[in-house]
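The next block is query.csv, given as CSV, C-alpha atoms and all ligand atoms.
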chain,number,residue,atom,x,y,z
A,14,MET,CA,-34.3,86.7,-30.1
A,15,PHE,CA,-32.1,89.4,-28.5
A,16,THR,CA,-31.5,92.6,-30.4
A,17,LYS,CA,-30.1,94.8,-27.6
A,18,ALA,CA,-27.7,94.8,-24.7
A,19,ILE,CA,-26.7,97.2,-22.0
A,20,THR,CA,-23.2,97.1,-20.5
A,21,ARG,CA,-21.2,99.3,-18.2
A,22,LYS,CA,-17.4,99.8,-18.4
A,23,PRO,CA,-15.5,98.5,-15.4
A,24,CYS,CA,-14.4,101.4,-13.1
A,25,LYS,CA,-11.0,101.6,-11.4
A,26,ALA,CA,-12.7,100.8,-8.1
A,27,LEU,CA,-13.3,97.3,-9.6
A,28,VAL,CA,-10.4,96.2,-7.5
A,29,ASP,CA,-12.5,96.8,-4.4
A,30,GLY,CA,-15.4,94.7,-5.8
A,31,ILE,CA,-17.1,92.2,-3.4
A,32,THR,CA,-15.8,88.7,-3.4
A,33,THR,CA,-16.6,85.4,-1.8
A,34,SER,CA,-13.5,83.9,-3.4
A,35,MET,CA,-15.7,81.1,-4.6
A,36,PHE,CA,-14.1,81.0,-8.0
A,37,GLY,CA,-10.6,82.4,-7.5
A,38,GLU,CA,-8.3,84.5,-5.5
A,39,GLY,CA,-6.6,87.8,-6.0
A,40,THR,CA,-7.4,91.4,-7.1
A,41,PRO,CA,-8.5,92.1,-10.6
A,42,ASP,CA,-5.9,93.8,-12.9
A,43,TYR,CA,-7.8,96.9,-14.1
A,44,GLY,CA,-6.0,97.1,-17.4
A,45,LYS,CA,-6.7,93.5,-18.3
A,46,ALA,CA,-10.3,93.8,-17.1
A,47,LEU,CA,-10.8,96.7,-19.5
A,48,LYS,CA,-9.4,94.7,-22.4
A,49,GLN,CA,-11.5,91.6,-21.5
A,50,HIS,CA,-14.6,93.8,-21.2
A,51,SER,CA,-14.1,95.5,-24.5
A,52,LYS,CA,-13.7,92.0,-26.1
A,53,TYR,CA,-16.9,90.9,-24.4
A,54,VAL,CA,-18.7,94.0,-25.9
A,55,SER,CA,-17.4,93.4,-29.3
A,56,THR,CA,-18.5,89.7,-29.2
A,57,LEU,CA,-22.0,90.8,-28.4
A,58,LYS,CA,-21.9,93.2,-31.3
A,59,GLU,CA,-20.6,90.4,-33.6
A,60,LEU,CA,-23.7,88.5,-32.6
A,61,GLY,CA,-25.8,91.3,-34.0
A,62,LEU,CA,-26.7,93.1,-30.7
A,63,GLU,CA,-27.0,96.8,-30.5
A,64,VAL,CA,-25.0,97.6,-27.4
A,65,THR,CA,-25.6,100.6,-25.1
A,66,GLU,CA,-22.3,101.1,-23.5
A,67,LEU,CA,-22.4,103.0,-20.2
A,68,GLU,CA,-19.4,104.7,-18.7
A,69,GLY,CA,-17.7,103.3,-15.6
A,70,ASP,CA,-19.1,104.6,-12.3
A,71,GLU,CA,-16.4,105.0,-9.6
A,72,ARG,CA,-18.9,105.2,-6.8
A,73,TYR,CA,-19.9,101.6,-7.3
A,74,PRO,CA,-17.0,99.0,-7.6
A,75,ASP,CA,-19.2,96.3,-8.9
A,76,SER,CA,-21.3,98.4,-11.3
A,77,CYS,CA,-20.0,96.7,-14.5
A,78,PHE,CA,-22.2,93.7,-13.4
A,79,VAL,CA,-25.3,95.3,-14.8
A,80,GLU,CA,-27.2,92.1,-14.8
A,81,ASP,CA,-27.8,92.6,-11.1
A,82,PRO,CA,-29.6,95.9,-10.7
A,83,ALA,CA,-32.3,95.1,-13.2
A,84,VAL,CA,-34.2,92.3,-14.9
A,85,VAL,CA,-35.4,93.0,-18.4
A,86,MET,CA,-37.9,91.1,-20.5
A,87,GLU,CA,-40.0,91.7,-23.5
A,88,LYS,CA,-43.0,93.3,-21.7
A,89,CYS,CA,-41.5,95.0,-18.7
A,90,ALA,CA,-38.4,95.8,-16.7
A,91,ILE,CA,-37.9,95.3,-13.0
A,92,ILE,CA,-35.4,97.4,-11.0
A,93,THR,CA,-34.1,95.1,-8.3
A,94,ASN,CA,-32.9,95.9,-4.7
A,95,SER,CA,-29.5,94.6,-3.7
A,96,PRO,CA,-29.0,94.0,0.0
A,97,GLU,CA,-25.3,94.9,-0.4
A,98,LYS,CA,-24.6,98.5,0.7
A,99,SER,CA,-21.9,99.0,-1.9
A,100,ARG,CA,-24.3,97.9,-4.7
A,101,ASN,CA,-27.7,99.2,-3.8
A,102,GLY,CA,-27.2,102.6,-5.5
A,103,GLU,CA,-26.6,100.9,-8.8
A,104,ARG,CA,-30.4,100.6,-9.2
A,105,TYR,CA,-30.9,104.3,-9.5
A,106,GLU,CA,-28.1,104.5,-12.1
A,107,ILE,CA,-29.5,101.8,-14.3
A,108,LEU,CA,-33.0,103.2,-14.2
A,109,ASP,CA,-32.1,106.2,-16.5
A,110,THR,CA,-31.0,103.8,-19.2
A,111,ILE,CA,-33.9,101.4,-18.7
A,112,LYS,CA,-36.2,104.4,-19.3
A,113,LYS,CA,-34.8,104.8,-22.8
A,114,PHE,CA,-36.2,101.4,-23.7
A,115,TYR,CA,-39.4,101.0,-21.6
A,116,GLU,CA,-42.4,103.2,-20.9
A,117,ASP,CA,-42.9,104.3,-17.3
A,118,SER,CA,-45.9,101.9,-17.1
A,119,GLN,CA,-43.6,99.0,-17.9
A,120,ILE,CA,-41.0,99.7,-15.2
A,121,PHE,CA,-41.4,98.2,-11.7
A,122,PHE,CA,-39.4,98.1,-8.5
A,123,ILE,CA,-38.5,95.5,-5.9
A,124,ASP,CA,-38.8,97.4,-2.6
A,125,SER,CA,-37.4,96.7,0.9
A,126,PRO,CA,-37.8,94.5,2.8
A,127,GLY,CA,-37.7,92.6,-0.6
A,128,THR,CA,-34.2,92.1,-2.0
A,129,MET,CA,-33.1,90.7,-5.3
A,130,GLU,CA,-30.2,90.7,-7.8
A,131,GLY,CA,-30.6,89.8,-11.4
A,132,GLY,CA,-28.0,87.0,-11.1
A,133,ASP,CA,-30.6,85.1,-9.3
A,134,VAL,CA,-33.2,85.3,-12.1
A,135,MET,CA,-33.2,82.7,-14.9
A,136,LYS,CA,-35.7,82.9,-17.7
A,137,VAL,CA,-36.9,79.8,-19.4
A,138,GLY,CA,-39.5,80.6,-22.0
A,139,ASN,CA,-42.1,82.6,-20.2
A,140,HIS,CA,-41.1,81.2,-16.8
A,141,PHE,CA,-38.6,82.7,-14.3
A,142,PHE,CA,-36.7,80.5,-11.9
A,143,ILE,CA,-35.7,82.7,-8.9
A,144,GLY,CA,-32.8,81.7,-6.7
A,145,GLN,CA,-33.3,82.4,-3.0
A,146,SER,CA,-29.9,83.4,-1.9
A,147,ASP,CA,-28.1,85.8,0.3
A,148,ARG,CA,-28.9,88.5,-2.3
A,149,THR,CA,-32.6,87.6,-3.1
A,150,ASN,CA,-35.1,86.9,-0.4
A,151,ALA,CA,-38.6,85.4,-0.3
A,152,GLU,CA,-40.2,88.8,-0.2
A,153,GLY,CA,-38.3,89.9,-3.2
A,154,ALA,CA,-39.3,86.8,-5.1
A,155,GLU,CA,-42.9,87.4,-4.2
A,156,GLN,CA,-42.9,91.0,-5.4
A,157,PHE,CA,-41.3,89.8,-8.6
A,158,ASN,CA,-44.0,87.2,-9.1
A,159,ASP,CA,-46.7,89.8,-8.5
A,160,ILE,CA,-45.3,92.0,-11.2
A,161,VAL,CA,-44.5,89.4,-13.9
A,162,THR,CA,-47.8,87.5,-13.6
A,163,LYS,CA,-49.6,90.7,-14.7
A,164,PHE,CA,-47.8,90.3,-18.0
A,165,GLY,CA,-48.5,86.6,-18.5
A,166,TYR,CA,-45.2,85.3,-17.2
A,167,THR,CA,-44.9,82.8,-14.3
A,168,SER,CA,-42.2,82.3,-11.6
A,169,SER,CA,-41.1,79.9,-9.0
A,170,THR,CA,-38.2,79.8,-6.4
A,171,VAL,CA,-35.2,77.5,-6.1
A,172,PRO,CA,-32.9,77.5,-3.1
A,173,VAL,CA,-29.3,78.5,-3.8
A,174,THR,CA,-27.2,76.5,-1.4
A,175,GLU,CA,-23.7,76.7,-2.7
A,176,GLY,CA,-22.5,80.3,-3.4
A,177,LEU,CA,-23.6,83.7,-4.8
A,178,HIS,CA,-26.3,83.6,-7.5
A,179,LEU,CA,-28.6,81.0,-9.0
A,180,LYS,CA,-27.0,81.4,-12.5
A,181,ASP,CA,-23.6,80.4,-11.1
A,182,PHE,CA,-24.9,76.9,-10.7
A,183,VAL,CA,-27.5,76.4,-13.4
A,184,ILE,CA,-27.9,78.0,-16.8
A,185,TYR,CA,-30.4,77.5,-19.5
A,186,LEU,CA,-29.0,77.1,-23.0
A,187,GLU,CA,-32.5,77.0,-24.7
A,188,ASN,CA,-33.6,73.8,-26.6
A,189,ASN,CA,-34.4,72.3,-23.2
A,190,ASN,CA,-30.7,72.1,-22.4
A,191,MET,CA,-29.2,73.1,-19.0
A,192,LEU,CA,-25.8,73.1,-17.5
A,193,VAL,CA,-25.9,72.3,-13.8
A,194,SER,CA,-23.7,71.8,-10.8
A,195,SER,CA,-24.2,68.4,-9.1
A,196,ALA,CA,-26.3,70.1,-6.4
A,197,MET,CA,-28.6,71.7,-8.9
A,198,ASN,CA,-28.8,68.3,-10.7
A,199,ASN,CA,-30.7,67.1,-7.7
A,200,GLU,CA,-33.1,70.0,-7.7
A,201,PRO,CA,-36.6,68.7,-8.7
A,202,ALA,CA,-37.6,72.0,-10.3
A,203,PHE,CA,-35.2,71.1,-13.2
A,204,ASP,CA,-36.2,67.4,-13.6
A,205,LYS,CA,-37.8,67.9,-17.1
A,206,PHE,CA,-34.7,69.4,-18.7
A,207,ASN,CA,-31.8,67.7,-20.4
A,208,LYS,CA,-29.2,68.4,-17.7
A,209,PHE,CA,-25.5,68.3,-18.2
A,210,VAL,CA,-23.5,68.2,-15.0
A,211,VAL,CA,-20.4,70.4,-15.0
A,212,ASP,CA,-17.4,69.0,-13.1
A,213,SER,CA,-16.6,70.7,-9.8
A,214,ASP,CA,-13.2,72.0,-11.1
A,215,GLU,CA,-15.1,73.8,-14.0
A,216,LEU,CA,-18.0,75.1,-12.0
A,217,TYR,CA,-17.3,78.7,-13.2
A,218,ALA,CA,-18.1,77.7,-16.8
A,219,ILE,CA,-21.7,76.9,-16.0
A,220,ASN,CA,-22.3,80.6,-16.5
A,221,SER,CA,-22.0,80.3,-20.2
A,222,MET,CA,-24.4,82.5,-22.2
A,223,TYR,CA,-26.8,81.7,-25.0
A,224,ILE,CA,-27.2,84.5,-27.5
A,225,ASN,CA,-29.4,83.9,-30.6
A,226,GLY,CA,-28.2,80.4,-31.3
A,227,THR,CA,-24.5,80.8,-30.2
A,228,VAL,CA,-23.1,80.1,-26.8
A,229,LEU,CA,-20.4,82.3,-25.3
A,230,VAL,CA,-18.2,80.2,-23.0
A,231,PRO,CA,-15.5,81.5,-20.6
A,232,ASP,CA,-12.0,80.6,-22.0
A,233,GLY,CA,-10.2,77.9,-20.1
A,234,TYR,CA,-12.8,75.2,-19.4
A,235,PRO,CA,-12.3,72.4,-21.9
A,236,LYS,CA,-14.7,69.8,-20.5
A,237,THR,CA,-17.6,72.3,-20.4
A,238,LEU,CA,-16.7,73.6,-23.9
A,239,LYS,CA,-16.9,70.0,-25.2
A,240,ILE,CA,-20.3,69.5,-23.6
A,241,ILE,CA,-21.6,72.6,-25.3
A,242,GLU,CA,-19.9,71.8,-28.7
A,243,ASP,CA,-21.2,68.3,-28.6
A,244,LEU,CA,-24.7,69.7,-28.2
A,245,GLY,CA,-24.2,71.3,-31.6
A,246,TYR,CA,-24.0,75.0,-30.6
A,247,PRO,CA,-21.6,77.3,-32.4
A,248,VAL,CA,-19.3,78.7,-29.6
A,249,LYS,CA,-17.4,81.9,-28.9
A,250,LEU,CA,-14.7,81.8,-26.2
A,251,VAL,CA,-14.5,84.9,-24.0
A,252,GLU,CA,-11.8,85.7,-21.5
A,253,THR,CA,-13.2,86.7,-18.1
A,254,ASP,CA,-10.4,85.8,-15.6
A,255,GLU,CA,-10.2,89.3,-14.1
A,256,PHE,CA,-13.9,89.3,-13.4
A,257,ARG,CA,-13.8,85.8,-12.0
A,258,LYS,CA,-11.6,87.0,-9.2
A,259,ILE,CA,-14.6,88.9,-7.8
A,260,ASP,CA,-17.3,86.3,-8.7
A,261,GLY,CA,-18.2,88.0,-12.0
A,262,SER,CA,-19.0,85.8,-15.0
A,263,LEU,CA,-20.5,86.1,-18.5
A,264,THR,CA,-24.1,86.9,-17.9
A,265,CYS,CA,-23.5,89.4,-15.2
A,266,LEU,CA,-21.7,91.7,-17.6
A,267,SER,CA,-24.8,92.6,-19.6
A,268,LEU,CA,-28.5,93.0,-19.8
A,269,ARG,CA,-29.9,91.4,-22.9
A,270,PHE,CA,-33.3,92.0,-24.4
B,301,LIG,C1,-20.8,90.9,-6.3
B,301,LIG,O1,-20.4,90.2,-5.3
B,301,LIG,O2,-21.9,91.5,-6.3
B,301,LIG,C2,-19.9,91.1,-7.5
B,301,LIG,N1,-18.6,91.1,-7.1
B,301,LIG,C3,-20.2,90.0,-8.5
B,301,LIG,C4,-21.5,90.0,-9.1
B,301,LIG,C5,-21.7,88.9,-10.1
B,301,LIG,N2,-23.0,89.0,-10.7
B,301,LIG,C6,-23.7,88.1,-11.3
B,301,LIG,O3,-23.2,86.9,-11.4
B,301,LIG,N3,-24.9,88.3,-11.8
Before we go any further, please render this structure as structure tokens.
Ligand code: CIR
Amino acid sequence: MFTKAITRKPCKALVDGITTSMFGEGTPDYGKALKQHSKYVSTLKELGLEVTELEGDERYPDSCFVEDPAVVMEKCAIITNSPEKSRNGERYEILDTIKKFYEDSQIFFIDSPGTMEGGDVMKVGNHFFIGQSDRTNAEGAEQFNDIVTKFGYTSSTVPVTEGLHLKDFVIYLENNNMLVSSAMNNEPAFDKFNKFVVDSDELYAINSMYINGTVLVPDGYPKTLKIIEDLGYPVKLVETDEFRKIDGSLTCLSLRF
């Protein structure tokens, strides 16, 4: 059960955010991005979360994607280490906020040469699947494993072969249900789950977000919406088009715990 979330308002420099153009083209419209973000935050609040809303930080164009500089869980928090120059400083900024919720003895760091971003970390019960991607390397995954095993969690790695982060291609919706890309459907690590393959023209909607029984789904992906509704989840649609232009989706806009 999640009770809290941390978000950060998009800054004007959002228009300079990093993009692989894997989901769409163009530059985000800042005004629209602010509106979509504010709706996202109010949706989290409607679901009962107490949201700590941080101010935009112009030094870091991608800083609204707070999921990446930290991984939070019940027993500890891990400050990650982005290999992207324009994002690495976000780890120091999120730390101050993490300290409000965790004791110093519960806060850990991924250090160079280890790299990691939270978008590559997917929690399933007490297990973490860690995507090995351009942002998260084997050393980062090993450091993460050393930390979480001390607290009774386990972790394993999964190769990310098709884009930015693990959670762009597989997402856990609890109740043993997973949305997957066709590549992730062939990943043996996920064999035991009820997998639902999302069509290639709706790949972006894999990154839907389970919050306390409800699933937030990006607006505009009817086939994926139907899969989720047919599974019986109450659904809330959220517009994220402006973030999509720079590879941002639902989970990356918050830390939930
Ligand atoms: C980046 O490339 O770092 C940002 N433009 C997008 C980050 C998205 N983060 C996520 O999915 N966890």
message: Applying 8 Å and only C-alpha atoms, which residues near Ile219 (chain A) remain after dropping the ones on its own chain fewer than 5 positions away? List them as a ChimeraX atom specification.
response: /A:180-184,192-194,211,237
Using 10 Å as the limit and counting only C-alpha atoms and all ligand atoms, can you tabulate each residue of chain A that touches ligand LIG 301 (chain B), with its shortest atom-to-atom distance in Å and the two atoms involved, as JSON lines?
{"residue": "A:Leu27", "atom": "CA", "partner": "B:LIG301", "partner_atom": "N1", "distance": 8.5}
{"residue": "A:Val28", "atom": "CA", "partner": "B:LIG301", "partner_atom": "N1", "distance": 9.7}
{"residue": "A:Asp29", "atom": "CA", "partner": "B:LIG301", "partner_atom": "N1", "distance": 8.8}
{"residue": "A:Gly30", "atom": "CA", "partner": "B:LIG301", "partner_atom": "N1", "distance": 5.0}
{"residue": "A:Ile31", "atom": "CA", "partner": "B:LIG301", "partner_atom": "N1", "distance": 4.1}
{"residue": "A:Thr32", "atom": "CA", "partner": "B:LIG301", "partner_atom": "O1", "distance": 5.2}
{"residue": "A:Thr33", "atom": "CA", "partner": "B:LIG301", "partner_atom": "O1", "distance": 7.1}
{"residue": "A:Ser34", "atom": "CA", "partner": "B:LIG301", "partner_atom": "O1", "distance": 9.5}
{"residue": "A:Pro74", "atom": "CA", "partner": "B:LIG301", "partner_atom": "N1", "distance": 8.1}
{"residue": "A:Asp75", "atom": "CA", "partner": "B:LIG301", "partner_atom": "C2", "distance": 5.4}
{"residue": "A:Ser76", "atom": "CA", "partner": "B:LIG301", "partner_atom": "C2", "distance": 8.3}
{"residue": "A:Cys77", "atom": "CA", "partner": "B:LIG301", "partner_atom": "C4", "distance": 8.7}
{"residue": "A:Phe78", "atom": "CA", "partner": "B:LIG301", "partner_atom": "N2", "distance": 5.5}
{"residue": "A:Val79", "atom": "CA", "partner": "B:LIG301", "partner_atom": "N3", "distance": 7.6}
{"residue": "A:Glu80", "atom": "CA", "partner": "B:LIG301", "partner_atom": "N3", "distance": 5.4}
{"residue": "A:Asp81", "atom": "CA", "partner": "B:LIG301", "partner_atom": "N3", "distance": 5.2}
{"residue": "A:Pro82", "atom": "CA", "partner": "B:LIG301", "partner_atom": "N3", "distance": 9.0}
{"residue": "A:Ser95", "atom": "CA", "partner": "B:LIG301", "partner_atom": "O2", "distance": 8.6}
{"residue": "A:Pro96", "atom": "CA", "partner": "B:LIG301", "partner_atom": "O2", "distance": 9.8}
{"residue": "A:Glu97", "atom": "CA", "partner": "B:LIG301", "partner_atom": "O2", "distance": 7.6}
{"residue": "A:Ser99", "atom": "CA", "partner": "B:LIG301", "partner_atom": "O2", "distance": 8.7}
{"residue": "A:Arg100", "atom": "CA", "partner": "B:LIG301", "partner_atom": "O2", "distance": 7.0}
{"residue": "A:Asn101", "atom": "CA", "partner": "B:LIG301", "partner_atom": "O2", "distance": 10.0}
{"residue": "A:Glu130", "atom": "CA", "partner": "B:LIG301", "partner_atom": "N3", "distance": 7.1}
{"residue": "A:Gly131", "atom": "CA", "partner": "B:LIG301", "partner_atom": "N3", "distance": 5.9}
{"residue": "A:Gly132", "atom": "CA", "partner": "B:LIG301", "partner_atom": "N3", "distance": 3.4}
{"residue": "A:Asp133", "atom": "CA", "partner": "B:LIG301", "partner_atom": "N3", "distance": 7.0}
{"residue": "A:Val134", "atom": "CA", "partner": "B:LIG301", "partner_atom": "N3", "distance": 8.8}
{"residue": "A:Arg148", "atom": "CA", "partner": "B:LIG301", "partner_atom": "O2", "distance": 8.6}
{"residue": "A:Leu177", "atom": "CA", "partner": "B:LIG301", "partner_atom": "O1", "distance": 7.3}
{"residue": "A:His178", "atom": "CA", "partner": "B:LIG301", "partner_atom": "O3", "distance": 6.0}
{"residue": "A:Leu179", "atom": "CA", "partner": "B:LIG301", "partner_atom": "O3", "distance": 8.4}
{"residue": "A:Lys180", "atom": "CA", "partner": "B:LIG301", "partner_atom": "O3", "distance": 6.8}
{"residue": "A:Asp181", "atom": "CA", "partner": "B:LIG301", "partner_atom": "O3", "distance": 6.5}
{"residue": "A:Asn220", "atom": "CA", "partner": "B:LIG301", "partner_atom": "O3", "distance": 8.2}
{"residue": "A:Phe256", "atom": "CA", "partner": "B:LIG301", "partner_atom": "C3", "distance": 8.0}
{"residue": "A:Arg257", "atom": "CA", "partner": "B:LIG301", "partner_atom": "C3", "distance": 8.4}
{"residue": "A:Lys258", "atom": "CA", "partner": "B:LIG301", "partner_atom": "N1", "distance": 8.4}
{"residue": "A:Ile259", "atom": "CA", "partner": "B:LIG301", "partner_atom": "N1", "distance": 4.6}
{"residue": "A:Asp260", "atom": "CA", "partner": "B:LIG301", "partner_atom": "C3", "distance": 4.7}
{"residue": "A:Gly261", "atom": "CA", "partner": "B:LIG301", "partner_atom": "C5", "distance": 4.1}
{"residue": "A:Ser262", "atom": "CA", "partner": "B:LIG301", "partner_atom": "O3", "distance": 5.6}
{"residue": "A:Leu263", "atom": "CA", "partner": "B:LIG301", "partner_atom": "O3", "distance": 7.6}
{"residue": "A:Thr264", "atom": "CA", "partner": "B:LIG301", "partner_atom": "N3", "distance": 6.3}
{"residue": "A:Cys265", "atom": "CA", "partner": "B:LIG301", "partner_atom": "N3", "distance": 3.8}
{"residue": "A:Leu266", "atom": "CA", "partner": "B:LIG301", "partner_atom": "N3", "distance": 7.4}
{"residue": "A:Ser267", "atom": "CA", "partner": "B:LIG301", "partner_atom": "N3", "distance": 8.9}
{"residue": "A:Leu268", "atom": "CA", "partner": "B:LIG301", "partner_atom": "N3", "distance": 10.0}
Selected residues written out, C-alpha atoms, as a PDB file, in the frame of the given file:
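Contents of again_39.pdb, freshly written:
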ATOM      1  CA  LEU A  27     -13.300  97.300  -9.600  1.00  0.00           C
ATOM      2  CA  VAL A  28     -10.400  96.200  -7.500  1.00  0.00           C
ATOM      3  CA  ASP A  29     -12.500  96.800  -4.400  1.00  0.00           C
ATOM      4  CA  GLY A  30     -15.400  94.700  -5.800  1.00  0.00           C
ATOM      5  CA  ILE A  31     -17.100  92.200  -3.400  1.00  0.00           C
ATOM      6  CA  THR A  32     -15.800  88.700  -3.400  1.00  0.00           C
ATOM      7  CA  THR A  33     -16.600  85.400  -1.800  1.00  0.00           C
ATOM      8  CA  SER A  34     -13.500  83.900  -3.400  1.00  0.00           C
ATOM      9  CA  PRO A  74     -17.000  99.000  -7.600  1.00  0.00           C
ATOM     10  CA  ASP A  75     -19.200  96.300  -8.900  1.00  0.00           C
ATOM     11  CA  SER A  76     -21.300  98.400 -11.300  1.00  0.00           C
ATOM     12  CA  CYS A  77     -20.000  96.700 -14.500  1.00  0.00           C
ATOM     13  CA  PHE A  78     -22.200  93.700 -13.400  1.00  0.00           C
ATOM     14  CA  VAL A  79     -25.300  95.300 -14.800  1.00  0.00           C
ATOM     15  CA  GLU A  80     -27.200  92.100 -14.800  1.00  0.00           C
ATOM     16  CA  ASP A  81     -27.800  92.600 -11.100  1.00  0.00           C
ATOM     17  CA  PRO A  82     -29.600  95.900 -10.700  1.00  0.00           C
ATOM     18  CA  SER A  95     -29.500  94.600  -3.700  1.00  0.00           C
ATOM     19  CA  PRO A  96     -29.000  94.000   0.000  1.00  0.00           C
ATOM     20  CA  GLU A  97     -25.300  94.900  -0.400  1.00  0.00           C
ATOM     21  CA  SER A  99     -21.900  99.000  -1.900  1.00  0.00           C
ATOM     22  CA  ARG A 100     -24.300  97.900  -4.700  1.00  0.00           C
ATOM     23  CA  ASN A 101     -27.700  99.200  -3.800  1.00  0.00           C
ATOM     24  CA  GLU A 130     -30.200  90.700  -7.800  1.00  0.00           C
ATOM     25  CA  GLY A 131     -30.600  89.800 -11.400  1.00  0.00           C
ATOM     26  CA  GLY A 132     -28.000  87.000 -11.100  1.00  0.00           C
ATOM     27  CA  ASP A 133     -30.600  85.100  -9.300  1.00  0.00           C
ATOM     28  CA  VAL A 134     -33.200  85.300 -12.100  1.00  0.00           C
ATOM     29  CA  ARG A 148     -28.900  88.500  -2.300  1.00  0.00           C
ATOM     30  CA  LEU A 177     -23.600  83.700  -4.800  1.00  0.00           C
ATOM     31  CA  HIS A 178     -26.300  83.600  -7.500  1.00  0.00           C
ATOM     32  CA  LEU A 179     -28.600  81.000  -9.000  1.00  0.00           C
ATOM     33  CA  LYS A 180     -27.000  81.400 -12.500  1.00  0.00           C
ATOM     34  CA  ASP A 181     -23.600  80.400 -11.100  1.00  0.00           C
ATOM     35  CA  ASN A 220     -22.300  80.600 -16.500  1.00  0.00           C
ATOM     36  CA  PHE A 256     -13.900  89.300 -13.400  1.00  0.00           C
ATOM     37  CA  ARG A 257     -13.800  85.800 -12.000  1.00  0.00           C
ATOM     38  CA  LYS A 258     -11.600  87.000  -9.200  1.00  0.00           C
ATOM     39  CA  ILE A 259     -14.600  88.900  -7.800  1.00  0.00           C
ATOM     40  CA  ASP A 260     -17.300  86.300  -8.700  1.00  0.00           C
ATOM     41  CA  GLY A 261     -18.200  88.000 -12.000  1.00  0.00           C
ATOM     42  CA  SER A 262     -19.000  85.800 -15.000  1.00  0.00           C
ATOM     43  CA  LEU A 263     -20.500  86.100 -18.500  1.00  0.00           C
ATOM     44  CA  THR A 264     -24.100  86.900 -17.900  1.00  0.00           C
ATOM     45  CA  CYS A 265     -23.500  89.400 -15.200  1.00  0.00           C
ATOM     46  CA  LEU A 266     -21.700  91.700 -17.600  1.00  0.00           C
ATOM     47  CA  SER A 267     -24.800  92.600 -19.600  1.00  0.00           C
ATOM     48  CA  LEU A 268     -28.500  93.000 -19.800  1.00  0.00           C
TER      49      LEU A 268
END
- request: Please indicate the distance in Å from CA of Glu200 (chain A) to CA of Val161 (chain A), rounded to one decimal place.
  value: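 Computing the Euclidean distance for CA of Glu200 (chain A) and CA of Val161 (chain A) yields 23.3 Å.
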- prompt: When you draw a straight line from CA of Val228 (chain A) to CA of Ile241 (chain A), how long is it in Å?
  reply: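 Separating CA of Val228 (chain A) from CA of Ile241 (chain A) is a distance of 7.8 Å.
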task: Using all atoms listed in the file, determine which residues lie at most 7 Å from Gly153 (chain A), disregarding the query and same-chain residues fewer than 6 positions distant; provide the list as a list in words.
output: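 That gives Ile123, Gly127, Thr128 and Met129 of chain A.
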- request: For Tyr223 (chain A), please output as a list in words all residues within 9 Å (counting all atoms listed in the file; exclusion window: fewer than 6 positions along the same chain).
  value: Tyr185, Leu186, Glu187, Leu229 and Val230 of chain A
task: Find the residue from A:Ser125, A:Thr167, A:Thr16, A:Ser213 that sits nearest to Phe36 (chain A); use only C-alpha atoms when measuring.
output: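 Smallest distance to Phe36 (chain A) is found for A:Ser213.
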task: For each of A:Thr40, A:Ser51, A:Thr110, A:Asn190, take the minimum atom-to-atom distance to Ile92 (chain A), counting only C-alpha atoms, then give the residue where this is smallest.
output: A:Thr110
- request: With a distance cut-off of 9 Å and all atoms listed in the file, select the neighbouring residues of Val54 (chain A), excluding the residue or stretch itself and same-chain residues fewer than 6 positions from it, and output the selection as a ChimeraX atom specification.
  value: /A:20,64,66,267
field: Nearest-residue call for Val85 (chain A), choices A:Glu242, A:Gly39, A:Gln49, A:Ala18, using only C-alpha atoms
entry: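 For Val85 (chain A), the nearest of the candidates is A:Ala18.
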Identify, on the basis of all atoms listed in the file, every residue whose closest approach to His50 (chain A) does not exceed 10 Å; exclude the query and any residue fewer than 5 positions from it along the same chain; express the result as a PDB file with C-alpha atoms, in the frame of the given file.
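Result saved to result_18.pdb:
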ATOM      1  CA  THR A  20     -23.200  97.100 -20.500  1.00  0.00           C
ATOM      2  CA  ARG A  21     -21.200  99.300 -18.200  1.00  0.00           C
ATOM      3  CA  LYS A  22     -17.400  99.800 -18.400  1.00  0.00           C
ATOM      4  CA  PRO A  23     -15.500  98.500 -15.400  1.00  0.00           C
ATOM      5  CA  GLY A  44      -6.000  97.100 -17.400  1.00  0.00           C
ATOM      6  CA  LYS A  45      -6.700  93.500 -18.300  1.00  0.00           C
ATOM      7  CA  SER A  55     -17.400  93.400 -29.300  1.00  0.00           C
ATOM      8  CA  THR A  56     -18.500  89.700 -29.200  1.00  0.00           C
ATOM      9  CA  CYS A  77     -20.000  96.700 -14.500  1.00  0.00           C
ATOM     10  CA  VAL A 251     -14.500  84.900 -24.000  1.00  0.00           C
ATOM     11  CA  GLU A 252     -11.800  85.700 -21.500  1.00  0.00           C
ATOM     12  CA  THR A 253     -13.200  86.700 -18.100  1.00  0.00           C
ATOM     13  CA  GLU A 255     -10.200  89.300 -14.100  1.00  0.00           C
ATOM     14  CA  PHE A 256     -13.900  89.300 -13.400  1.00  0.00           C
ATOM     15  CA  LEU A 266     -21.700  91.700 -17.600  1.00  0.00           C
TER      16      LEU A 266
END
task: Quick one: pull the distance between CA of Gly226 (chain A) and CA of Glu63 (chain A), Å, one decimal.
output: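 Straight-line distance from CA of Gly226 (chain A) to CA of Glu63 (chain A) works out to 16.5 Å.
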task: Kindly indicate which residue among A:Pro247, A:Gly165, A:Gly69, A:Pro172 lies nearest to Ser146 (chain A), using all atoms listed in the file for the distances.
output: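 Checking each candidate against Ser146 (chain A), we get A:Pro172 as the closest.
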query: Which residue gives the smallest distance to Asn225 (chain A) among A:Glu59, A:Asp212, A:Asp124, A:Asp42, with only C-alpha atoms counted?
result: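 Of A:Glu59, A:Asp212, A:Asp124, A:Asp42, the one nearest Asn225 (chain A), counting only C-alpha atoms, is A:Glu59.
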